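Listing of structure_3.csv; format and content: CSV, C-alpha atoms.
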chain,number,residue,atom,x,y,z
A,3,MET,CA,64.4,15.0,22.1
A,4,ASP,CA,60.7,15.6,23.1
A,5,ARG,CA,61.1,12.8,25.7
A,6,THR,CA,64.1,14.5,27.2
A,7,ILE,CA,62.3,17.8,27.5
A,8,HIS,CA,59.3,16.1,29.0
A,9,SER,CA,61.4,14.2,31.5
A,10,PHE,CA,63.2,17.3,32.7
A,11,GLY,CA,59.9,19.2,32.9
A,12,VAL,CA,58.3,16.5,35.0
A,13,TYR,CA,61.3,16.4,37.3
A,14,LEU,CA,61.3,20.2,37.8
A,15,ASN,CA,57.5,20.3,38.3
A,16,ALA,CA,57.7,17.6,41.0
A,17,LEU,CA,60.6,19.4,42.6
A,18,CYS,CA,58.7,22.7,42.8
A,19,ARG,CA,55.6,21.1,44.2
A,20,THR,CA,57.6,19.2,46.8
A,21,PHE,CA,59.4,22.3,48.1
A,22,GLY,CA,56.4,24.6,47.7
A,23,ARG,CA,55.6,27.9,46.0
A,24,THR,CA,57.7,30.1,48.3
A,25,PHE,CA,60.9,28.1,47.7
A,26,THR,CA,60.1,27.9,44.0
A,27,HIS,CA,59.8,31.7,43.6
A,28,ALA,CA,62.8,32.5,45.8
A,29,LYS,CA,65.2,29.9,44.4
A,30,ILE,CA,64.2,28.0,41.3
A,31,LYS,CA,62.4,30.8,39.4
A,32,THR,CA,65.2,33.2,40.3
A,33,PHE,CA,67.8,30.7,39.0
A,34,PHE,CA,66.1,30.2,35.7
A,35,GLY,CA,65.3,33.9,35.4
A,36,ASP,CA,69.0,34.8,35.6
A,37,LEU,CA,69.9,31.9,33.3
A,38,LEU,CA,67.5,32.9,30.6
A,39,ALA,CA,67.9,36.7,30.9
A,40,VAL,CA,69.0,38.5,27.8
A,41,SER,CA,71.7,41.1,28.2
A,42,ASP,CA,72.5,41.7,24.6
A,43,GLU,CA,69.7,42.0,22.1
A,44,ASN,CA,72.1,41.2,19.2
A,45,ALA,CA,72.4,37.8,20.7
A,46,ILE,CA,68.7,37.2,20.1
A,47,ALA,CA,68.9,37.8,16.4
A,48,GLU,CA,71.9,35.5,16.2
A,49,GLY,CA,70.1,32.8,18.0
A,50,SER,CA,72.9,32.6,20.6
A,51,THR,CA,70.7,33.2,23.6
A,52,ARG,CA,69.5,30.5,26.0
A,53,LEU,CA,65.9,31.5,25.1
A,54,THR,CA,66.5,29.5,21.8
A,55,THR,CA,67.6,26.4,23.6
A,56,ALA,CA,65.7,23.6,25.4
A,57,LEU,CA,66.0,25.5,28.6
A,58,LEU,CA,62.9,27.5,27.6
A,59,PRO,CA,60.4,24.5,27.3
A,60,VAL,CA,62.0,22.9,30.4
A,61,TYR,CA,61.5,26.1,32.5
A,62,VAL,CA,58.0,26.9,31.3
A,63,SER,CA,56.6,23.4,31.5
A,64,GLY,CA,58.5,22.4,34.6
A,65,VAL,CA,58.5,25.6,36.7
A,66,LEU,CA,55.9,28.1,35.5
A,67,THR,CA,53.1,25.5,35.4
A,68,ALA,CA,53.8,24.1,38.8
A,69,PHE,CA,51.2,26.2,40.6
A,70,LYS,CA,47.8,27.4,39.1
A,71,GLU,CA,48.3,30.7,40.9
A,72,ASP,CA,51.2,31.4,38.6
A,73,GLN,CA,49.3,30.9,35.3
A,74,GLU,CA,49.1,34.5,34.5
A,75,ASP,CA,52.8,34.9,35.0
A,76,MET,CA,53.4,32.0,32.6
A,77,VAL,CA,51.1,33.6,30.0
A,78,ALA,CA,52.9,36.9,30.3
A,79,TYR,CA,56.3,35.3,30.1
A,80,LEU,CA,55.5,33.2,27.1
A,81,GLN,CA,53.9,36.2,25.3
A,82,ASP,CA,56.9,38.4,26.0
A,83,THR,CA,59.3,35.7,24.8
A,84,LEU,CA,57.3,35.1,21.6
A,85,VAL,CA,57.3,38.9,20.8
A,86,MET,CA,61.0,39.2,21.6
A,87,LEU,CA,62.1,36.3,19.5
A,88,ALA,CA,59.8,37.1,16.6
A,89,GLN,CA,60.7,40.8,16.5
A,90,HIS,CA,64.4,39.9,16.2
A,91,TYR,CA,63.8,37.2,13.6
A,92,ALA,CA,65.3,34.6,16.0
A,93,PRO,CA,64.8,30.8,15.7
A,94,ILE,CA,61.6,29.8,17.3
A,95,ASP,CA,62.2,26.0,17.7
A,96,SER,CA,62.4,26.4,21.4
A,97,LEU,CA,59.0,28.1,21.4
A,98,LYS,CA,57.5,25.3,19.3
A,99,ALA,CA,59.0,22.7,21.7
A,100,THR,CA,57.4,24.7,24.6
A,101,VAL,CA,54.0,24.7,23.0
A,102,VAL,CA,54.2,21.0,22.1
A,103,GLU,CA,55.2,20.0,25.6
A,104,MET,CA,52.6,22.2,27.2
A,105,SER,CA,49.8,21.2,24.9
A,106,SER,CA,50.1,17.6,26.0
A,107,ASP,CA,48.3,18.7,29.2
A,108,VAL,CA,44.7,19.6,28.7
A,109,ASP,CA,44.9,22.1,31.6
A,110,ASN,CA,47.3,24.2,29.6
A,111,HIS,CA,45.2,24.5,26.4
A,112,GLU,CA,43.3,27.7,27.4
A,113,ALA,CA,46.5,29.4,28.6
A,114,LEU,CA,48.3,28.6,25.4
A,115,ILE,CA,45.5,29.9,23.2
A,116,LYS,CA,45.4,33.0,25.4
A,117,VAL,CA,49.1,33.7,24.7
A,118,LEU,CA,48.5,33.5,20.9
A,119,TRP,CA,45.2,35.3,21.0
A,120,GLN,CA,46.8,38.4,22.7
A,121,VAL,CA,49.4,38.9,19.9
A,122,LEU,CA,46.9,38.7,17.0
A,123,VAL,CA,46.9,42.5,16.8
A,124,ASN,CA,50.6,43.1,17.4
A,125,SER,CA,51.9,45.7,15.0
A,126,GLY,CA,54.8,43.5,14.0
A,127,PHE,CA,53.9,41.2,11.1
A,128,GLN,CA,56.6,38.8,12.1
A,129,VAL,CA,55.0,38.4,15.5
A,130,ARG,CA,51.7,37.6,13.8
A,131,CYS,CA,53.5,35.1,11.6
A,132,CYS,CA,54.9,33.4,14.6
A,133,ALA,CA,51.5,33.2,16.3
A,134,ALA,CA,49.9,31.8,13.1
A,135,GLY,CA,52.7,29.1,12.9
A,136,LEU,CA,52.3,28.1,16.5
A,137,PHE,CA,48.6,27.5,16.3
A,138,GLU,CA,49.3,24.3,14.3
A,139,HIS,CA,51.0,22.9,17.4
A,140,VAL,CA,48.2,23.8,19.8
A,141,ILE,CA,45.1,22.4,18.0
A,142,LYS,CA,45.4,18.7,18.5
A,143,GLY,CA,43.4,17.5,21.5
A,144,VAL,CA,41.8,20.9,22.2
A,145,ASP,CA,38.2,20.8,23.3
A,146,PRO,CA,35.9,21.4,20.3
A,147,GLU,CA,34.1,24.2,22.1
A,148,LEU,CA,37.4,26.0,22.7
A,149,ILE,CA,38.4,25.4,19.0
A,150,SER,CA,35.1,26.9,17.9
A,151,SER,CA,35.1,29.9,20.2
A,152,LYS,CA,38.8,30.8,20.2
A,153,VAL,CA,41.0,29.0,17.7
A,154,VAL,CA,38.8,29.3,14.5
A,155,PRO,CA,38.1,33.1,15.1
A,156,ALA,CA,41.8,33.6,15.6
A,157,LEU,CA,42.7,31.8,12.4
A,158,VAL,CA,40.1,33.7,10.5
A,159,THR,CA,41.5,36.9,11.7
A,160,LEU,CA,45.1,35.9,10.8
A,161,ALA,CA,43.9,34.5,7.4
A,162,SER,CA,42.6,38.0,6.5
A,163,ASP,CA,45.7,39.8,7.7
A,164,PRO,CA,47.0,42.7,5.6
A,165,GLU,CA,50.3,40.8,5.2
A,166,MET,CA,50.2,37.9,2.8
A,167,MET,CA,52.9,36.1,4.6
A,168,VAL,CA,50.8,36.0,7.8
A,169,ARG,CA,47.9,34.4,5.8
A,170,GLN,CA,50.2,31.8,4.4
A,171,TYR,CA,51.5,30.9,7.8
A,172,THR,CA,47.9,29.9,8.9
A,173,ILE,CA,47.6,27.2,6.2
A,174,PRO,CA,49.3,24.4,8.3
A,175,ALA,CA,47.1,25.3,11.2
A,176,TRP,CA,44.0,25.0,9.0
A,177,GLY,CA,45.3,21.6,7.9
A,178,MET,CA,45.8,20.4,11.4
A,179,LEU,CA,42.3,21.6,12.2
A,180,ALA,CA,41.0,19.4,9.3
A,181,GLU,CA,42.9,16.4,10.7
A,182,SER,CA,41.8,16.9,14.3
A,183,VAL,CA,38.1,17.6,14.2
A,184,THR,CA,35.1,15.7,12.9
A,185,ASP,CA,32.4,18.3,13.4
A,186,ASN,CA,30.8,19.2,10.1
A,187,ALA,CA,30.4,22.8,10.9
A,188,LEU,CA,34.2,23.2,11.7
A,189,LEU,CA,35.2,21.2,8.7
A,190,GLY,CA,33.0,23.4,6.6
A,191,LYS,CA,34.9,26.4,7.8
A,192,VAL,CA,38.2,24.8,7.0
A,193,LYS,CA,36.9,23.9,3.5
A,194,MET,CA,35.7,27.5,3.0
A,195,GLN,CA,39.0,28.9,3.9
A,196,PHE,CA,40.9,26.5,1.7
A,197,GLN,CA,38.6,27.5,-1.2
A,198,SER,CA,39.3,31.1,-0.5
A,199,PHE,CA,43.1,30.5,-0.7
A,200,LEU,CA,42.7,28.6,-4.0
A,201,ASP,CA,40.0,30.7,-5.7
A,202,ASP,CA,40.1,34.3,-4.6
A,203,GLN,CA,41.8,36.5,-7.3
A,204,ILE,CA,43.9,38.2,-4.7
A,205,TYR,CA,46.0,35.0,-4.4
A,206,ALA,CA,46.3,34.4,-8.2
A,207,ASN,CA,50.0,35.2,-8.3
A,208,GLU,CA,50.9,34.1,-4.8
A,209,HIS,CA,53.1,31.1,-5.8
A,210,SER,CA,54.5,30.4,-2.3
A,211,LEU,CA,51.0,30.3,-0.8
A,212,LEU,CA,49.8,27.9,-3.5
A,213,LEU,CA,52.8,25.6,-2.8
A,214,GLU,CA,51.9,25.6,0.9
A,215,MET,CA,48.4,24.8,0.0
A,216,VAL,CA,49.3,21.8,-2.2
A,217,LYS,CA,51.8,20.6,0.4
A,218,THR,CA,49.3,20.8,3.2
A,219,LEU,CA,46.5,19.2,1.2
A,220,GLY,CA,48.9,16.3,0.4
A,221,GLU,CA,49.9,15.9,4.0
A,222,ILE,CA,46.4,15.9,5.5
A,223,GLY,CA,44.8,13.9,2.7
A,224,PRO,CA,45.2,10.4,4.2
A,225,SER,CA,44.0,11.3,7.7
A,226,VAL,CA,41.0,13.7,7.1
A,227,GLU,CA,37.3,12.7,6.8
A,228,PRO,CA,36.8,10.7,3.6
A,229,LYS,CA,34.3,13.2,2.3
A,230,LEU,CA,36.7,16.1,2.5
A,231,ARG,CA,39.4,13.9,0.8
A,232,GLU,CA,37.2,12.6,-1.9
A,233,ASP,CA,35.1,15.7,-2.8
A,234,PHE,CA,37.6,18.5,-2.2
A,235,ILE,CA,41.3,17.5,-1.8
A,236,LEU,CA,41.6,15.1,-4.7
A,237,PRO,CA,39.6,17.2,-7.2
A,238,ARG,CA,41.5,20.3,-6.2
A,239,LEU,CA,44.9,18.6,-6.7
A,240,ALA,CA,43.8,17.3,-10.1
A,241,ALA,CA,42.7,20.8,-11.1
A,242,ILE,CA,46.0,22.3,-10.0
A,243,ALA,CA,47.9,19.7,-11.9
A,244,SER,CA,45.9,20.5,-15.1
A,245,THR,CA,46.6,24.2,-14.7
A,246,ASN,CA,50.2,23.6,-14.0
A,247,ASN,CA,50.6,22.1,-17.5
A,248,ASN,CA,50.1,25.5,-19.0
A,249,SER,CA,52.5,27.4,-16.7
A,250,THR,CA,55.1,29.4,-18.6
A,251,ASN,CA,57.3,29.9,-15.6
A,252,GLU,CA,59.5,26.8,-15.6
A,253,THR,CA,60.7,27.3,-12.0
A,254,ARG,CA,57.2,27.7,-10.6
A,255,ARG,CA,56.0,24.8,-12.7
A,256,ARG,CA,58.8,22.6,-11.4
A,257,ASP,CA,58.2,23.6,-7.8
A,258,LEU,CA,54.5,22.8,-8.1
A,259,ALA,CA,55.0,19.5,-9.9
A,260,THR,CA,57.3,18.4,-7.0
A,261,GLU,CA,54.7,19.1,-4.4
A,262,LEU,CA,51.9,17.6,-6.5
A,263,LEU,CA,53.9,14.4,-6.8
A,264,GLU,CA,54.1,14.1,-3.1
A,265,GLY,CA,50.4,14.8,-2.7
A,266,PHE,CA,49.4,12.2,-5.3
A,267,LYS,CA,51.7,9.6,-3.8
A,268,ALA,CA,50.1,10.1,-0.4
A,269,LEU,CA,46.6,10.0,-1.7
A,270,SER,CA,47.4,6.8,-3.6
A,271,CYS,CA,47.5,5.0,-0.3
A,272,CYS,CA,43.8,5.9,0.3
A,273,PHE,CA,40.6,4.2,-1.0
A,274,PHE,CA,38.7,6.0,-3.8
A,275,SER,CA,35.7,4.9,-5.8
A,276,ASP,CA,36.2,4.1,-9.5
A,277,ASP,CA,34.5,7.4,-10.3
A,278,HIS,CA,37.0,9.4,-8.3
A,279,LEU,CA,39.9,7.4,-9.8
A,280,THR,CA,38.5,7.9,-13.3
A,281,ASN,CA,37.5,11.6,-13.0
A,282,TYR,CA,40.3,13.0,-10.8
A,283,MET,CA,43.1,10.7,-9.9
A,284,LEU,CA,44.0,9.5,-13.4
A,285,PRO,CA,43.6,12.8,-15.1
A,286,GLY,CA,45.7,14.5,-12.3
A,287,LEU,CA,48.5,11.9,-12.6
A,288,LYS,CA,48.5,12.2,-16.4
A,289,CYS,CA,48.9,16.0,-16.1
A,290,LEU,CA,51.7,15.4,-13.6
A,291,LEU,CA,53.4,13.0,-16.0
A,292,THR,CA,53.3,15.7,-18.7
A,293,ASP,CA,55.1,18.1,-16.3
A,294,ILE,CA,57.7,15.5,-15.5
A,295,ASP,CA,58.3,14.7,-19.2
A,296,ASP,CA,58.5,18.4,-20.2
A,297,LEU,CA,60.8,19.4,-17.3
A,298,GLY,CA,62.9,16.3,-17.2
A,299,LEU,CA,62.1,15.5,-13.6
A,300,PRO,CA,62.8,12.2,-12.0
A,301,ASP,CA,60.1,9.8,-10.8
A,302,LYS,CA,58.6,9.4,-14.2
A,303,ASP,CA,58.5,5.6,-13.6
A,304,ALA,CA,56.8,6.1,-10.3
A,305,VAL,CA,54.0,8.2,-11.7
A,306,SER,CA,53.6,5.8,-14.7
A,307,ASN,CA,53.2,2.9,-12.2
A,308,LEU,CA,50.7,4.8,-10.1
A,309,ILE,CA,48.7,5.3,-13.3
A,310,SER,CA,48.9,1.5,-14.1
A,311,GLU,CA,47.9,0.6,-10.6
A,312,HIS,CA,44.8,2.8,-10.6
A,313,LYS,CA,43.8,1.6,-14.0
A,314,SER,CA,44.1,-2.0,-12.7
A,315,LYS,CA,41.8,-1.1,-9.8
A,316,ILE,CA,39.2,0.3,-12.1
A,317,GLU,CA,39.3,-2.7,-14.4
A,318,GLY,CA,39.2,-5.0,-11.4
A,319,ARG,CA,42.3,-6.9,-12.2
A,320,PRO,CA,45.6,-7.3,-10.3
A,321,LEU,CA,48.8,-5.7,-11.6
A,322,GLN,CA,50.4,-7.8,-14.4
A,323,SER,CA,53.8,-9.3,-13.6
A,324,ASP,CA,55.6,-7.0,-15.9
A,325,GLU,CA,54.0,-4.0,-14.2
A,326,VAL,CA,55.0,-5.3,-10.7
A,327,GLU,CA,58.6,-5.8,-11.9
A,328,SER,CA,58.6,-2.4,-13.4
A,329,ALA,CA,57.4,-0.9,-10.2
A,330,GLN,CA,60.0,-2.8,-8.2
A,331,GLY,CA,62.7,-1.9,-10.6
A,332,SER,CA,61.9,1.8,-10.5
A,333,GLY,CA,62.0,1.8,-6.7
A,334,PHE,CA,58.3,2.9,-6.7
A,335,PHE,CA,57.4,1.0,-3.5
A,336,ARG,CA,60.5,2.2,-1.8
A,337,ARG,CA,59.7,5.8,-2.7
A,338,LEU,CA,56.0,5.5,-1.8
A,339,ARG,CA,56.6,4.2,1.7
A,340,PRO,CA,58.3,7.2,3.2
A,341,SER,CA,55.7,9.4,1.5
A,342,PHE,CA,52.9,7.5,3.3
A,343,GLU,CA,54.8,7.4,6.6
A,344,ARG,CA,55.4,11.1,6.5
A,345,ARG,CA,51.7,11.7,6.0
A,346,THR,CA,50.2,9.4,8.6
A,347,PRO,CA,48.5,11.5,11.4
A,348,ARG,CA,51.1,13.9,12.6
A,349,ALA,CA,52.3,13.4,16.1
A,350,ALA,CA,53.1,16.7,17.7
A,351,PRO,CA,54.1,18.4,15.5
A,352,SER,CA,55.4,18.6,12.0
A,353,ARG,CA,56.3,21.9,10.3
A,354,THR,CA,58.8,21.0,16.3
A,355,LYS,CA,60.1,18.4,13.9
A,356,ARG,CA,62.3,21.1,12.4
A,357,LYS,CA,65.7,21.0,14.0
A,358,VAL,CA,64.4,20.6,17.5
A,359,SER,CA,67.5,18.5,18.2
A,360,GLU,CA,69.6,21.7,17.7
A,361,ILE,CA,68.0,23.5,20.6
A,362,PHE,CA,70.0,21.5,23.1
A,363,LYS,CA,73.3,22.8,21.6
A,364,ARG,CA,75.0,25.4,23.7
A,365,LYS,CA,75.4,28.6,21.8
A,366,GLY,CA,77.4,31.7,21.9
A,367,LYS,CA,77.7,34.5,24.4
A,368,ASP,CA,75.0,33.5,26.9
A,369,SER,CA,76.0,29.8,27.1
Represent the structure of the file as structure tokens.
Amino acid sequence: MDRTIHSFGVYLNALCRTFGRTFTHAKIKTFFGDLLAVSDENAIAEGSTRLTTALLPVYVSGVLTAFKEDQEDMVAYLQDTLVMLAQHYAPIDSLKATVVEMSSDVDNHEALIKVLWQVLVNSGFQVRCCAAGLFEHVIKGVDPELISSKVVPALVTLASDPEMMVRQYTIPAWGMLAESVTDNALLGKVKMQFQSFLDDQIYANEHSLLLEMVKTLGEIGPSVEPKLREDFILPRLAAIASTNNNSTNETRRRDLATELLEGFKALSCCFFSDDHLTNYMLPGLKCLLTDIDDLGLPDKDAVSNLISEHKSKIEGRPLQSDEVESAQGSGFFRRLRPSFERRTPRAAPSRTKRKVSEIFKRKGKDS
């Protein structure tokens, strides 16, 4: 689907440049402006406007970026569209697809960040949530200086937002930042923010935020700098697994155990020293096994086999034949593979992956 959007965008961009700016403004922009105009605000909330279809990324990337002189118009249009969709709680898959397509061109990075920067102080928390979520799809490939001067300050602002939901929406963006940069100063800021989310008392009862943290740490674990993985991510997941054993809320304990399982499976594809395996990986997996036993969750055999595998690594011996057979019989390797594939460095982006295919469907009144 991304290729289709890209192809249409390239075609329109070439068409606009061929016929010139005057023709583009008089004919092409007018055509798309009428096509994407919203006559009924109720249609926005229902997701039945063309703004929530693939026409939006095709128009923005193909027409509004054709001439540098029109960049301010593009920024204003994207900002207005973001605010409109967010305020009406409309689907934003088309916005994500637009950001993904545009971020593939370095020349658009500053404009995209400007769009998100200008809505940081919008009075609507849903608008700020939308901006926080879109930052994840902008970061990859952005110049480190721009990340340091614009992206990080914006994320810090959103991560201290009065609304807890806005703070939670920044977590995937912090994760993408950890995957995308190698500068120690920037990684230090990411680590500091993650520590705040995990340790500050204000987040003690924020279960959904903790779930997002565990999910993100598991996703980024295989592709971040080894030091961050070994000295922060693995120890933190092990500590969360230990704490989860004592949870009295069965639903929350189950939710967290499910995310921890995915995280440990992803990290099991990475290299760790014997000390890290002994002090963090094995204790964490044993705590997870306790949750699985107590809650009657599936994948008990998978976790048991992970424990056996890591013990064998520490002892410097290969898995015994009965252990290999047990792993194969439990479907352990089959279950581990998609977990690893899902967590290899994320092509743009994860959390546009969501139902982007649906944005080509014609919907409702404005179709």
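For the pair atom CA of A:Thr54 and atom CA of A:Gln81, the interatomic distance is 14.7 Å.
Using all atoms listed in the file for every distance, the candidate list A:Ile222, A:Leu258, A:Leu17, A:Cys132 yields A:Cys132 as the residue closest to A:Tyr91.
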A:Leu84, A:Ile242, A:Val158, A:Ile204 ranked by distance to A:Val121, top pick (using all atoms listed in the file):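 Nearest to A:Val121: A:Leu84.
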Spatial neighbours of A:Val60, max dist 8 Å, all atoms listed in the file, sep filter under 4 positions, as a ChimeraX atom specification: /A:7-8,10-11,14,56,64-65,100
Spatial neighbours of stretch 233-240 of chain A, max dist 7 Å, only C-alpha atoms, sep filter under 2 positions, as number ranges by chain: A: 219, 223, 229-231, 242-244, 282-283, 285-286
Writing out the chosen residues with C-alpha atoms as a compact mmCIF listing (two decimals), keeping the file's coordinate frame:
# COMPACT_ATOMS: atom_id res chain seq x y z
CA LEU A 219 46.50 19.20 1.20
CA GLY A 223 44.80 13.90 2.70
CA LYS A 229 34.30 13.20 2.30
CA LEU A 230 36.70 16.10 2.50
CA ARG A 231 39.40 13.90 0.80
CA ILE A 242 46.00 22.30 -10.00
CA ALA A 243 47.90 19.70 -11.90
CA SER A 244 45.90 20.50 -15.10
CA TYR A 282 40.30 13.00 -10.80
CA MET A 283 43.10 10.70 -9.90
CA PRO A 285 43.60 12.80 -15.10
CA GLY A 286 45.70 14.50 -12.30
Exercise: A:Asp185 partners within 9 Å, only C-alpha atoms, chain neighbours under 4 positions left out, as a list of chain:residue names: A:Pro146, A:Leu189, A:Gly190
Interatomic distance (Å, one decimal) between atom CA of A:Trp176 and atom CA of A:Lys98: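 Going from atom CA of A:Trp176 over to atom CA of A:Lys98, I get 17.0 Å.
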Point-to-point distance from atom CA of A:Leu58 to atom CA of A:Leu114, Å rounded to tenths: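 For atom CA of A:Leu58 relative to atom CA of A:Leu114, the distance reads 14.8 Å.
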Point (48.3, 19.5, 23.9) neighbourhood (7 Å, all atoms listed in the file) written as a ChimeraX atom specification: /A:102,104-108,111,140,142-144
Okay, now the selection with C-alpha atoms, as a PDB file, in the frame of the given file?
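Written out: out03.pdb:
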ATOM      1  CA  VAL A 102      54.200  21.000  22.100  1.00  0.00           C
ATOM      2  CA  MET A 104      52.600  22.200  27.200  1.00  0.00           C
ATOM      3  CA  SER A 105      49.800  21.200  24.900  1.00  0.00           C
ATOM      4  CA  SER A 106      50.100  17.600  26.000  1.00  0.00           C
ATOM      5  CA  ASP A 107      48.300  18.700  29.200  1.00  0.00           C
ATOM      6  CA  VAL A 108      44.700  19.600  28.700  1.00  0.00           C
ATOM      7  CA  HIS A 111      45.200  24.500  26.400  1.00  0.00           C
ATOM      8  CA  VAL A 140      48.200  23.800  19.800  1.00  0.00           C
ATOM      9  CA  LYS A 142      45.400  18.700  18.500  1.00  0.00           C
ATOM     10  CA  GLY A 143      43.400  17.500  21.500  1.00  0.00           C
ATOM     11  CA  VAL A 144      41.800  20.900  22.200  1.00  0.00           C
TER      12      VAL A 144
END
Distance query stretch 66-79 of chain A at most 12 Å, all atoms listed in the file, self and fewer than 6 positions along chain excluded, as a PyMOL selection string: chain A and resi 11-24+26-27+30-32+34-35+38-39+53+58-60+85-86+97+100-101+103-105+107+109-121
Since the input is missing atoms, can you rebuild all heavy atoms for stretch 279-285 of chain A and write them as a short mmCIF file (atom, residue, chain, number, x, y, z; two decimals), keeping the file's coordinate frame?
data_model
loop_
_atom_site.label_atom_id
_atom_site.label_comp_id
_atom_site.auth_asym_id
_atom_site.auth_seq_id
_atom_site.Cartn_x
_atom_site.Cartn_y
_atom_site.Cartn_z
N LEU A 279 38.62 7.79 -9.13
CA LEU A 279 39.90 7.40 -9.80
C LEU A 279 39.81 7.85 -11.28
O LEU A 279 40.79 8.39 -11.82
CB LEU A 279 40.10 5.92 -9.71
CG LEU A 279 40.41 5.37 -8.31
CD1 LEU A 279 40.54 3.84 -8.36
CD2 LEU A 279 41.69 5.98 -7.75
N THR A 280 38.66 7.63 -11.91
CA THR A 280 38.50 7.90 -13.30
C THR A 280 38.48 9.44 -13.59
O THR A 280 39.11 9.93 -14.54
CB THR A 280 37.24 7.29 -13.90
OG1 THR A 280 37.31 5.87 -13.70
CG2 THR A 280 37.07 7.59 -15.37
N ASN A 281 37.75 10.16 -12.75
CA ASN A 281 37.50 11.60 -13.00
C ASN A 281 38.57 12.52 -12.47
O ASN A 281 38.72 13.64 -12.97
CB ASN A 281 36.15 11.99 -12.45
CG ASN A 281 34.99 11.27 -13.12
OD1 ASN A 281 35.06 10.97 -14.32
ND2 ASN A 281 33.94 10.98 -12.36
N TYR A 282 39.31 12.05 -11.44
CA TYR A 282 40.30 13.00 -10.80
C TYR A 282 41.67 12.39 -10.68
O TYR A 282 42.63 13.05 -11.09
CB TYR A 282 39.74 13.35 -9.41
CG TYR A 282 38.38 13.98 -9.43
CD1 TYR A 282 37.28 13.34 -8.84
CD2 TYR A 282 38.16 15.21 -10.04
CE1 TYR A 282 36.02 13.91 -8.85
CE2 TYR A 282 36.90 15.79 -10.07
CZ TYR A 282 35.83 15.14 -9.48
OH TYR A 282 34.59 15.70 -9.52
N MET A 283 41.79 11.19 -10.11
CA MET A 283 43.10 10.70 -9.90
C MET A 283 43.90 10.45 -11.16
O MET A 283 45.03 10.95 -11.31
CB MET A 283 43.03 9.34 -9.08
CG MET A 283 44.40 8.73 -8.76
SD MET A 283 45.36 9.70 -7.57
CE MET A 283 44.60 9.20 -6.03
N LEU A 284 43.32 9.73 -12.11
CA LEU A 284 44.00 9.50 -13.40
C LEU A 284 44.30 10.72 -14.18
O LEU A 284 45.44 10.91 -14.64
CB LEU A 284 43.28 8.42 -14.18
CG LEU A 284 43.36 6.98 -13.65
CD1 LEU A 284 42.48 6.04 -14.47
CD2 LEU A 284 44.80 6.48 -13.66
N PRO A 285 43.32 11.60 -14.37
CA PRO A 285 43.60 12.80 -15.10
C PRO A 285 44.71 13.67 -14.41
O PRO A 285 45.57 14.25 -15.07
CB PRO A 285 42.28 13.58 -15.10
CG PRO A 285 41.25 12.51 -14.99
CD PRO A 285 41.87 11.48 -14.10
#
